[in-house]
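The data block below is target.cif; it holds mmCIF, C-alpha atoms (C1' of nucleotides).
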```
data_coords
loop_
_atom_site.label_atom_id
_atom_site.label_comp_id
_atom_site.auth_asym_id
_atom_site.auth_seq_id
_atom_site.Cartn_x
_atom_site.Cartn_y
_atom_site.Cartn_z
CA MET A 147 71.51 124.75 73.17
CA GLY A 148 69.57 126.82 75.65
CA VAL A 149 72.35 128.57 77.52
CA ASP A 150 74.69 131.32 76.48
CA LEU A 151 77.97 129.66 75.73
CA MET A 152 80.09 132.37 77.28
CA THR A 153 78.14 132.35 80.51
CA VAL A 154 78.24 128.60 80.67
CA SER A 155 81.90 128.22 79.97
CA THR A 156 82.93 130.91 82.44
CA ALA A 157 80.63 129.55 85.14
CA ARG A 158 81.86 126.08 84.49
CA SER A 159 85.50 126.95 84.34
CA THR A 160 85.12 129.01 87.50
CA ALA A 161 83.84 125.92 89.28
CA GLU A 162 86.53 123.77 87.71
CA GLU A 163 89.25 126.17 88.79
CA ALA A 164 87.73 126.24 92.27
CA LEU A 165 87.95 122.46 92.42
CA LEU A 166 91.54 122.43 91.20
CA ASP A 167 92.43 125.12 93.73
CA ALA A 168 90.70 123.02 96.38
CA ALA A 169 92.74 119.99 95.32
CA GLU A 170 95.96 121.92 95.90
CA ARG A 171 94.81 123.08 99.31
CA VAL A 172 93.86 119.55 100.30
CA LEU A 173 97.21 118.23 99.09
CA VAL A 174 98.91 120.77 101.33
CA ASP A 175 96.69 120.17 104.36
CA ALA A 176 96.10 116.44 104.24
CA GLY A 177 98.17 114.85 101.48
CA HIS A 178 96.94 112.99 98.44
CA ALA A 179 95.08 110.42 100.54
CA GLY A 180 92.81 113.21 101.75
CA VAL A 181 91.64 114.13 98.26
CA THR A 182 88.04 112.85 98.17
CA THR A 183 85.06 114.05 96.16
CA ARG A 184 83.22 115.37 99.17
CA ARG A 185 86.18 117.15 100.68
CA LEU A 186 87.07 118.78 97.38
CA ALA A 187 83.48 119.89 96.91
CA GLU A 188 83.29 121.30 100.41
CA GLU A 189 86.59 123.18 100.00
CA ALA A 190 85.50 124.54 96.65
CA GLY A 191 81.96 125.33 97.80
CA VAL A 192 80.32 123.28 95.08
CA ASN A 193 78.23 120.13 94.97
CA HIS A 194 80.15 116.91 95.28
CA GLY A 195 78.48 115.46 92.20
CA LEU A 196 80.27 118.02 90.06
CA VAL A 197 83.60 116.30 90.54
CA HIS A 198 82.31 113.37 88.58
CA TYR A 199 80.32 115.52 86.17
CA TYR A 200 83.21 117.81 85.28
CA PHE A 201 86.21 115.52 85.56
CA GLY A 202 84.78 112.01 85.27
CA SER A 203 86.68 110.81 88.31
CA VAL A 204 88.88 111.91 91.17
CA GLU A 205 91.77 110.38 89.26
CA ASN A 206 91.21 112.67 86.28
CA LEU A 207 90.90 115.67 88.53
CA LEU A 208 94.31 114.86 89.99
CA VAL A 209 95.78 114.53 86.52
CA ARG A 210 94.43 117.97 85.70
CA THR A 211 95.83 119.27 88.97
CA LEU A 212 99.23 117.93 88.01
CA GLU A 213 99.03 119.41 84.52
CA ARG A 214 98.06 122.83 85.79
CA PHE A 215 100.70 122.79 88.51
CA THR A 216 103.34 121.67 86.05
CA GLU A 217 102.67 124.63 83.79
CA ARG A 218 103.06 127.05 86.66
CA LEU A 219 106.20 125.38 87.95
CA ILE A 220 107.87 125.52 84.58
CA SER A 221 106.94 129.09 83.86
CA ARG A 222 108.16 130.14 87.29
CA GLN A 223 111.54 128.54 86.64
CA ARG A 224 111.72 129.97 83.15
CA GLU A 225 110.90 133.50 84.31
CA LEU A 226 113.41 133.29 87.10
CA TYR A 227 116.36 132.40 84.91
CA ALA A 228 115.25 134.41 81.88
CA ALA A 229 115.42 137.68 83.85
CA ASP A 230 118.07 140.18 82.90
CA LEU A 231 119.99 139.94 86.15
CA PRO A 232 123.43 138.75 87.21
CA PHE A 233 123.49 134.99 87.68
CA LEU A 234 124.25 135.38 91.37
CA GLU A 235 120.99 137.28 91.86
CA LYS A 236 119.02 134.56 90.12
CA TRP A 237 120.67 131.89 92.23
CA ARG A 238 119.89 133.77 95.40
CA THR A 239 116.26 134.11 94.41
CA ALA A 240 115.98 130.41 93.63
CA MET A 241 117.54 129.46 96.95
CA ARG A 242 115.28 131.88 98.80
CA TYR A 243 112.28 130.08 97.32
CA LEU A 244 113.80 126.75 98.30
CA VAL A 245 114.20 127.55 101.97
CA SER A 246 111.25 129.89 102.36
CA ASP A 247 108.95 129.44 105.33
CA ASP A 248 106.00 128.74 103.08
CA SER A 249 106.46 125.24 101.70
CA ALA A 250 102.98 124.89 100.18
CA TYR A 251 104.44 124.87 96.70
CA GLU A 252 106.92 122.11 97.49
CA LYS A 253 104.29 120.15 99.39
CA ILE A 254 101.99 120.07 96.38
CA TRP A 255 104.83 119.12 94.10
CA LEU A 256 106.06 116.27 96.27
CA GLU A 257 102.58 115.00 97.09
CA LEU A 258 101.90 114.73 93.37
CA GLN A 259 105.19 112.88 92.94
CA ALA A 260 104.35 110.51 95.78
CA LEU A 261 101.01 109.89 94.11
CA ALA A 262 102.75 109.09 90.85
CA TRP A 263 104.93 106.45 92.54
CA ASN A 264 101.82 104.30 92.61
CA ARG A 265 100.05 105.60 89.49
CA PRO A 266 102.23 104.91 86.47
CA GLU A 267 99.93 106.90 84.21
CA LEU A 268 101.04 110.09 85.97
CA ARG A 269 104.73 109.49 85.45
CA GLU A 270 104.95 110.87 81.94
CA HIS A 271 103.81 114.23 83.28
CA LEU A 272 106.56 114.16 85.88
CA ALA A 273 109.14 113.18 83.32
CA ALA A 274 108.04 116.06 81.12
CA VAL A 275 108.35 118.71 83.81
CA HIS A 276 111.66 117.24 84.90
CA ALA A 277 113.00 117.43 81.38
CA GLU A 278 111.81 121.02 81.02
CA TRP A 279 113.36 122.01 84.32
CA ARG A 280 116.59 120.38 83.22
CA ALA A 281 116.50 122.25 79.91
CA VAL A 282 116.00 125.57 81.69
CA LEU A 283 118.93 124.90 84.01
CA MET A 284 121.19 123.66 81.21
CA ASP A 285 120.59 126.96 79.50
CA ALA A 286 120.97 129.02 82.65
CA PHE A 287 124.16 127.37 83.92
CA ALA A 288 126.18 127.10 80.70
CA GLU A 289 127.65 130.59 80.82
CA PRO A 290 128.09 130.87 84.62
CA ARG A 291 129.88 127.51 84.61
CA GLU A 292 132.55 128.99 82.36
CA HIS A 293 132.60 132.26 84.23
CA TYR A 294 133.15 130.65 87.62
CA GLY A 295 135.58 128.07 86.28
CA ILE A 296 133.55 125.08 87.44
CA GLU A 297 135.39 122.05 86.17
CA MET A 298 132.60 119.47 86.10
CA PRO A 299 130.67 118.85 82.89
CA LEU A 300 127.49 120.88 82.46
CA GLU A 301 125.27 117.79 82.56
CA ALA A 302 126.76 116.68 85.85
CA LEU A 303 126.55 120.17 87.31
CA VAL A 304 122.88 120.52 86.41
CA SER A 305 122.13 117.06 87.81
CA LEU A 306 123.88 117.98 91.02
CA VAL A 307 121.92 121.20 91.37
CA MET A 308 118.61 119.50 90.62
CA THR A 309 119.11 116.55 92.91
CA PHE A 310 120.39 118.52 95.88
CA ASN A 311 117.46 120.89 95.45
CA GLU A 312 115.09 117.95 95.55
CA GLY A 313 116.84 116.57 98.60
CA ILE A 314 116.50 119.86 100.44
CA MET A 315 112.79 120.00 99.58
CA LEU A 316 112.35 116.45 100.82
CA ASP A 317 114.18 117.13 104.07
CA ARG A 318 112.25 120.30 104.77
CA LEU A 319 108.89 118.62 104.37
CA SER A 320 109.92 116.27 107.15
CA GLY A 321 110.99 119.22 109.26
CA ILE A 322 114.70 118.67 108.72
CA THR A 323 116.89 121.67 107.94
CA GLU A 324 120.19 120.55 109.46
CA GLY A 325 123.20 121.40 107.35
CA HIS A 326 121.27 123.05 104.52
CA GLN A 327 122.37 126.54 105.41
CA GLN A 328 126.04 125.57 105.64
CA LEU A 329 125.80 124.09 102.18
CA LEU A 330 124.06 127.12 100.67
CA ASP A 331 126.50 129.45 102.42
CA TRP A 332 129.44 127.65 100.90
CA VAL A 333 127.94 127.89 97.42
CA GLU A 334 127.29 131.56 98.07
CA ARG A 335 130.91 132.17 99.06
CA ARG A 336 132.12 130.18 96.07
CA LEU A 337 130.02 132.31 93.72
CA ALA A 338 130.78 135.63 95.40
CA SER A 339 134.53 135.25 95.26
CA MET B 131 99.12 82.44 132.65
CA GLY B 132 98.21 79.23 130.87
CA VAL B 133 100.70 79.31 128.03
CA ASP B 134 104.42 78.76 127.89
CA LEU B 135 105.96 82.17 127.64
CA MET B 136 108.63 81.16 125.20
CA THR B 137 106.20 79.49 122.83
CA VAL B 138 103.82 82.41 123.04
CA SER B 139 106.39 85.07 122.53
CA THR B 140 107.96 83.33 119.55
CA ALA B 141 104.58 82.56 118.00
CA ARG B 142 103.45 86.06 118.61
CA SER B 143 106.58 87.71 117.44
CA THR B 144 106.56 85.51 114.36
CA ALA B 145 103.12 86.84 113.50
CA GLU B 146 104.16 90.38 114.34
CA GLU B 147 107.22 90.12 112.14
CA ALA B 148 105.04 88.70 109.38
CA LEU B 149 102.75 91.71 109.65
CA LEU B 150 105.66 94.14 109.61
CA ASP B 151 107.13 92.35 106.60
CA ALA B 152 103.72 92.54 104.97
CA ALA B 153 103.58 96.27 105.68
CA GLU B 154 106.87 96.77 103.82
CA ARG B 155 105.63 94.74 100.86
CA VAL B 156 102.41 96.72 100.70
CA LEU B 157 104.34 99.99 100.90
CA VAL B 158 106.39 98.86 97.92
CA ASP B 159 103.44 97.54 95.90
CA ALA B 160 100.71 100.04 96.68
CA GLY B 161 102.08 102.90 98.76
CA HIS B 162 101.06 103.92 102.24
CA ALA B 163 97.44 104.48 101.24
CA GLY B 164 97.20 100.74 100.52
CA VAL B 165 98.15 99.73 104.04
CA THR B 166 94.86 98.46 105.49
CA THR B 167 94.21 95.90 108.20
CA ARG B 168 92.71 93.39 105.82
CA ARG B 169 95.40 93.71 103.20
CA LEU B 170 98.16 93.39 105.76
CA ALA B 171 96.50 90.32 107.25
CA GLU B 172 96.09 88.72 103.85
CA GLU B 173 99.72 89.40 102.90
CA ALA B 174 100.93 88.05 106.23
CA GLY B 175 98.59 85.08 106.21
CA VAL B 176 97.04 85.92 109.55
CA ASN B 177 93.62 87.00 110.75
CA HIS B 178 92.84 90.65 110.22
CA GLY B 179 91.77 91.09 113.81
CA LEU B 180 95.35 90.52 114.93
CA VAL B 181 96.45 93.88 113.60
CA HIS B 182 94.33 95.55 116.19
CA TYR B 183 95.09 92.94 118.86
CA TYR B 184 98.85 93.11 118.47
CA PHE B 185 99.43 96.72 117.51
CA GLY B 186 96.32 98.53 118.71
CA SER B 187 95.88 100.31 115.41
CA VAL B 188 97.19 100.54 111.87
CA GLU B 189 98.86 103.75 112.89
CA ASN B 190 100.91 102.00 115.57
CA LEU B 191 101.83 99.24 113.18
CA LEU B 192 103.23 101.84 110.80
CA VAL B 193 105.20 103.44 113.60
CA ARG B 194 106.70 100.04 114.37
CA THR B 195 107.42 99.53 110.69
CA LEU B 196 109.26 102.84 110.62
CA GLU B 197 111.21 102.00 113.77
CA ARG B 198 112.28 98.61 112.47
CA PHE B 199 113.18 99.98 109.07
CA THR B 200 115.14 102.79 110.63
CA GLU B 201 117.30 100.38 112.60
CA ARG B 202 118.12 98.41 109.49
CA LEU B 203 118.85 101.51 107.45
CA ILE B 204 121.23 102.88 110.04
CA SER B 205 123.07 99.63 110.60
CA ARG B 206 123.45 99.19 106.85
CA GLN B 207 125.03 102.61 106.54
CA ARG B 208 127.21 102.05 109.57
CA GLU B 209 128.46 98.69 108.34
CA LEU B 210 129.16 100.08 104.91
CA TYR B 211 131.40 102.89 106.09
CA ALA B 212 132.89 101.01 109.03
CA ALA B 213 134.41 98.37 106.76
CA ASP B 214 138.16 98.23 106.45
CA LEU B 215 138.29 99.23 102.80
CA PRO B 216 139.59 102.17 100.81
CA PHE B 217 137.11 105.05 100.82
CA LEU B 218 136.67 104.77 97.07
CA GLU B 219 135.39 101.21 97.46
CA LYS B 220 132.89 102.27 100.08
CA TRP B 221 131.69 105.09 97.90
CA ARG B 222 131.24 102.78 94.93
CA THR B 223 129.24 100.35 97.02
CA ALA B 224 126.99 103.12 98.31
CA MET B 225 126.39 104.41 94.78
CA ARG B 226 125.70 100.91 93.52
CA TYR B 227 122.96 100.60 96.12
CA LEU B 228 121.60 103.97 95.11
CA VAL B 229 121.17 103.17 91.44
CA SER B 230 120.44 99.47 91.77
CA ASP B 231 117.57 97.99 89.81
CA ASP B 232 115.80 96.97 92.97
CA SER B 233 114.38 100.12 94.53
CA ALA B 234 112.21 98.38 97.14
CA TYR B 235 114.37 99.75 99.91
CA GLU B 236 114.12 103.32 98.70
CA LYS B 237 110.41 102.94 98.03
CA ILE B 238 109.74 101.93 101.63
CA TRP B 239 111.87 104.71 102.93
CA LEU B 240 110.24 107.41 100.85
CA GLU B 241 106.70 106.09 101.40
CA LEU B 242 107.30 106.33 105.13
CA GLN B 243 108.59 109.86 104.67
CA ALA B 244 105.56 110.81 102.59
CA LEU B 245 103.38 109.38 105.32
CA ALA B 246 105.18 111.49 107.90
CA TRP B 247 104.49 114.67 105.94
CA ASN B 248 100.92 114.35 107.16
CA ARG B 249 101.54 112.61 110.51
CA PRO B 250 103.64 114.89 112.68
CA GLU B 251 104.04 112.17 115.33
CA LEU B 252 106.23 110.22 112.90
CA ARG B 253 108.61 113.09 112.25
CA GLU B 254 110.79 112.59 115.29
CA HIS B 255 111.68 109.13 114.01
CA LEU B 256 112.70 110.60 110.67
CA ALA B 257 114.74 113.30 112.34
CA ALA B 258 116.51 110.66 114.41
CA VAL B 259 117.51 108.50 111.47
CA HIS B 260 118.54 111.58 109.52
CA ALA B 261 120.79 112.70 112.35
CA GLU B 262 122.31 109.23 112.62
CA TRP B 263 122.94 109.05 108.91
CA ARG B 264 124.55 112.47 109.08
CA ALA B 265 126.75 111.37 111.97
CA VAL B 266 127.91 108.29 110.06
CA LEU B 267 128.78 110.37 107.01
CA MET B 268 130.51 113.07 109.02
CA ASP B 269 132.72 110.38 110.42
CA ALA B 270 133.25 108.65 107.09
CA PHE B 271 134.04 111.77 105.06
CA ALA B 272 136.35 113.64 107.44
CA GLU B 273 139.53 111.87 106.41
CA PRO B 274 138.76 111.48 102.68
CA ARG B 275 137.90 115.18 102.50
CA GLU B 276 141.46 115.99 103.56
CA HIS B 277 142.93 113.28 101.39
CA TYR B 278 141.19 114.45 98.23
CA GLY B 279 141.71 118.12 99.01
CA ILE B 280 138.03 119.01 98.95
CA GLU B 281 137.83 122.64 99.90
CA MET B 282 134.27 122.88 101.19
CA PRO B 283 133.60 122.53 104.93
CA LEU B 284 132.78 119.03 106.12
CA GLU B 285 129.23 120.00 107.13
CA ALA B 286 128.50 121.39 103.70
CA LEU B 287 130.06 118.38 101.98
CA VAL B 288 127.98 115.93 103.99
CA SER B 289 124.82 117.95 103.35
CA LEU B 290 125.57 117.95 99.66
CA VAL B 291 126.10 114.20 99.58
CA MET B 292 122.96 113.50 101.59
CA THR B 293 120.69 115.81 99.63
CA PHE B 294 121.84 114.75 96.20
CA ASN B 295 121.42 111.13 97.27
CA GLU B 296 117.87 111.89 98.33
CA GLY B 297 117.23 113.68 95.06
CA ILE B 298 118.44 110.70 93.06
CA MET B 299 116.20 108.37 95.06
CA LEU B 300 113.25 110.66 94.49
CA ASP B 301 113.88 110.89 90.76
CA ARG B 302 114.31 107.18 90.36
CA LEU B 303 111.01 106.39 92.05
CA SER B 304 109.34 108.49 89.39
CA GLY B 305 111.25 106.64 86.70
CA ILE B 306 113.70 109.47 86.04
CA THR B 307 117.38 108.65 85.68
CA GLU B 308 118.51 111.39 83.31
CA GLY B 309 121.85 112.88 84.19
CA HIS B 310 122.46 110.77 87.26
CA GLN B 311 125.15 108.67 85.65
CA GLN B 312 127.04 111.69 84.34
CA LEU B 313 127.08 113.10 87.84
CA LEU B 314 128.25 109.87 89.44
CA ASP B 315 130.85 109.38 86.73
CA TRP B 316 132.29 112.80 87.38
CA VAL B 317 132.54 112.10 91.12
CA GLU B 318 134.18 108.79 90.28
CA ARG B 319 136.77 110.49 88.09
CA ARG B 320 137.40 113.14 90.71
CA LEU B 321 138.02 110.47 93.35
CA ALA B 322 140.08 108.19 91.12
CA SER B 323 142.55 110.86 90.05
"C1'" DG C 39 54.51 131.52 77.11
"C1'" DT C 40 56.12 127.22 76.75
"C1'" DC C 41 59.54 124.12 75.28
"C1'" DT C 42 64.24 122.38 75.13
"C1'" DG C 43 68.37 120.78 76.64
"C1'" DA C 44 72.30 121.48 79.37
"C1'" DC C 45 73.43 122.24 84.16
"C1'" DT C 46 72.86 121.34 89.12
"C1'" DT C 47 71.41 119.08 93.08
"C1'" DA C 48 70.43 115.69 96.60
"C1'" DG C 49 70.41 111.28 97.38
"C1'" DA C 50 71.10 106.15 96.70
"C1'" DC C 51 74.19 102.40 95.90
"C1'" DA C 52 77.58 98.87 96.80
"C1'" DT C 53 82.07 98.68 98.78
"C1'" DT C 54 85.55 99.25 101.91
"C1'" DC C 55 87.55 100.97 105.90
"C1'" DG C 56 89.29 100.82 111.18
"C1'" DA C 57 87.78 99.32 115.27
"C1'" DC C 58 85.75 96.33 118.27
"C1'" DT C 59 83.53 92.07 120.42
"C1'" DA C 60 81.83 87.75 121.73
"C1'" DA C 61 82.59 83.09 121.19
"C1'" DG C 62 85.68 79.38 120.42
"C1'" DA C 63 90.33 77.03 120.61
"C1'" DC C 64 94.34 76.05 122.68
"C1'" DT C 65 98.10 75.36 126.15
"C1'" DC C 66 99.87 74.65 130.35
"C1'" DC C 67 99.16 74.28 135.63
"C1'" DG C 68 97.70 71.87 139.38
"C1'" DC D 62 92.12 65.32 133.50
"C1'" DG D 63 89.76 69.59 134.43
"C1'" DG D 64 90.08 74.43 135.05
"C1'" DA D 65 92.02 79.05 133.96
"C1'" DG D 66 93.45 82.34 131.16
"C1'" DT D 67 95.45 83.85 126.91
"C1'" DC D 68 95.28 83.72 121.98
"C1'" DT D 69 92.63 83.40 117.72
"C1'" DT D 70 88.76 83.69 114.85
"C1'" DA D 71 84.77 85.28 112.34
"C1'" DG D 72 81.68 88.57 112.27
"C1'" DT D 73 79.44 93.19 113.37
"C1'" DC D 74 79.33 98.24 113.54
"C1'" DG D 75 79.09 102.94 111.96
"C1'" DA D 76 81.47 105.93 109.00
"C1'" DA D 77 83.27 107.20 104.70
"C1'" DT D 78 84.31 106.31 99.93
"C1'" DG D 79 83.68 106.72 94.39
"C1'" DT D 80 80.28 106.49 91.23
"C1'" DC D 81 76.00 107.06 89.30
"C1'" DT D 82 71.05 108.52 88.62
"C1'" DA D 83 66.75 110.68 88.73
"C1'" DA D 84 64.57 114.76 89.74
"C1'" DG D 85 64.77 119.64 89.61
"C1'" DT D 86 66.41 124.34 87.76
"C1'" DC D 87 67.10 127.76 84.60
"C1'" DA D 88 68.36 130.65 80.51
"C1'" DG D 89 67.45 131.31 76.04
"C1'" DA D 90 64.86 129.55 71.48
"C1'" DC D 91 60.76 129.47 69.00
#
```
Would you encode the structure as structure tokens?
Amino acid sequence: MGVDLMTVSTARSTAEEALLDAAERVLVDAGHAGVTTRRLAEEAGVNHGLVHYYFGSVENLLVRTLERFTERLISRQRELYAADLPFLEKWRTAMRYLVSDDSAYEKIWLELQALAWNRPELREHLAAVHAEWRAVLMDAFAEPREHYGIEMPLEALVSLVMTFNEGIMLDRLSGITEGHQQLLDWVERRLAS
Amino acid sequence: MGVDLMTVSTARSTAEEALLDAAERVLVDAGHAGVTTRRLAEEAGVNHGLVHYYFGSVENLLVRTLERFTERLISRQRELYAADLPFLEKWRTAMRYLVSDDSAYEKIWLELQALAWNRPELREHLAAVHAEWRAVLMDAFAEPREHYGIEMPLEALVSLVMTFNEGIMLDRLSGITEGHQQLLDWVERRLAS
DNA sequence: GTCTGACTTAGACATTCGACTAAGACTCCG
DNA sequence: CGGAGTCTTAGTCGAATGTCTAAGTCAGAC
């Protein structure tokens, strides 16, 4: 064996985490086309050979990036709606995230999606996180739907919320914000009344 | 001079069109990262040096691709809503496009958007087409909004329609269709009653 | 103290890329 | 029919890519 397992695994996982963090930064700064072994290594401050040694390929590293990001995205959503707060507060928090000035999170998420458009093997991960997100929202919106007397079926309501959220993300990444605030304001008024 | 202008310009523009067509095919088949001079030339059946000779760079060719696509997208929307048909028919046609089996159109559109996320010089084109689309919908939805007694302001309604359309496109490119039909069915019922 | 085996490093490899160029082909004008 | 100028072609160039390998390092085992 030769090397203390604990030391090894922490050193190794530190480097691996550094590379995954670097991958997210590169996705934000340059998009998925900018994710190369050498750039990742430089960003992470490690040797470029490690990408292959640790992950086997750039492809695998991106899969791991997606998996790790997925976990965080889901837990963020779950925490948000699981909180013991009035629904209106939760909604406001979610919408604040959506239109926040820092779009790094959304950039990573959409870059990974754009990558998956041309890499079918990544799609199952996307489908999984989508299904989880949907489940969280189905749970979170069931009671408020009754409370606010929203006539549309729960499935349709959740689909509407998810898709218009995605549309807003997409617009904002292209620098488009026109009309978003009017829409969110109307929802706000509808919920506050 | 040397060459008949008409012959030249048609021959040249034939080749240029072929390259732009090729760019759209490559965007559909491989994404924007797959758009290379040699691949474009092979797809278009022309010499790979022509990309540089005609367009100056791959970058410029993609700008032209975006411009040409934009024109078609806008005129398609305009024609759709300008037709002398009941609003419900127009809506159904638009939704049929949205969830059609052939997503080549949406793939091109979203690949160009993903490209623009990392090429600020392309954003103005996106903003322009977005504004045009918005203008068409503002015009198309003003009367039906009154007719169907939709209480939300026109701006908010149009934003909602645009963003949830974008969200559905985005989902479908990742192979996700869950919940879309329930949402569209509900809208359908709301409009048919 | 030296051996062992996993970890790390720098570098090599073939490939591919965008961009460019020099030579050839072609078309029309005079 | 010959010259002029544009269009087309094949090929070159340096840079960058993913992958892999051989040499080197280093902590603990014996």
Discussion item. Taking 5 positions as the minimum chain separation for residues in the same chain, which residues sit within 12 Å of range 322-324 of chain A when counting all atoms listed in the file? Answer as an NGL selection string.
Written reply: (:A and (244-247 or 313-317 or 329-330)) or (:B and (243 or 246-247 or 253-265 or 285-286 or 288-290 or 292-293))
Wanna dump the chain D-range 177-198 of chain B contacts at 12 Å for me, each residue with its shortest atom pair and the distance in Å to one decimal, counting only C-alpha atoms (C1' of nucleotides), ordered by chain and number, as a tab-separated table?
```
residue	atom	partner	partner_atom	distance
D:DC68	C1'	B:Tyr183	CA	9.7
D:DT69	C1'	B:Asn177	CA	7.9
D:DT70	C1'	B:Asn177	CA	7.2
D:DA71	C1'	B:Asn177	CA	9.2
D:DG72	C1'	B:Gly179	CA	10.5
```
Same residues, C-alpha atoms (C1' of nucleotides), output as a short mmCIF file (atom, residue, chain, number, x, y, z; two decimals), keeping the file's coordinate frame:
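Output file again-v5.cif is given in full below:
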```cif
data_model
loop_
_atom_site.label_atom_id
_atom_site.label_comp_id
_atom_site.auth_asym_id
_atom_site.auth_seq_id
_atom_site.Cartn_x
_atom_site.Cartn_y
_atom_site.Cartn_z
"C1'" DC D 68 95.28 83.72 121.98
"C1'" DT D 69 92.63 83.40 117.72
"C1'" DT D 70 88.76 83.69 114.85
"C1'" DA D 71 84.77 85.28 112.34
"C1'" DG D 72 81.68 88.57 112.27
#
```
Discussion item. What would the selection look like, as number ranges by chain, if the PyMOL selection byres ((chain D and resi 76) around 12) were run on the coordinates I just shared?
Written reply: C: 54-57; D: 74-75, 77-78
So that I have them on file, write out the residues from the current selection with C-alpha atoms (C1' of nucleotides), as a PDB file, in the coordinates of the input.
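Done, and the output landed in out31.pdb:
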```pdb
ATOM      1  C1'  DT C  54      85.550  99.250 101.910  1.00  0.00           C
ATOM      2  C1'  DC C  55      87.550 100.970 105.900  1.00  0.00           C
ATOM      3  C1'  DG C  56      89.290 100.820 111.180  1.00  0.00           C
ATOM      4  C1'  DA C  57      87.780  99.320 115.270  1.00  0.00           C
TER       5       DA C  57
ATOM      6  C1'  DC D  74      79.330  98.240 113.540  1.00  0.00           C
ATOM      7  C1'  DG D  75      79.090 102.940 111.960  1.00  0.00           C
ATOM      8  C1'  DA D  77      83.270 107.200 104.700  1.00  0.00           C
ATOM      9  C1'  DT D  78      84.310 106.310  99.930  1.00  0.00           C
TER      10       DT D  78
END
```
Item to complete: With the file shown as input, list the residues that the PyMOL selection byres ((chain A and resi 225) around 12) selects, as a PyMOL selection string.
Response: chain A and resi 218-224+226-231+236+239-240+279+282-283+286
Let me know the centre plus edge lengths, in Å and rounded to one decimal, of a box with edges along x, y and z that contains all listed atoms of range 66-75 of chain D and is padded by 6 Å on every side, as JSON.
```
{"center_x": 87.3, "center_y": 92.6, "center_z": 121.6, "size_x": 28.4, "size_y": 32.6, "size_z": 31.2}
```
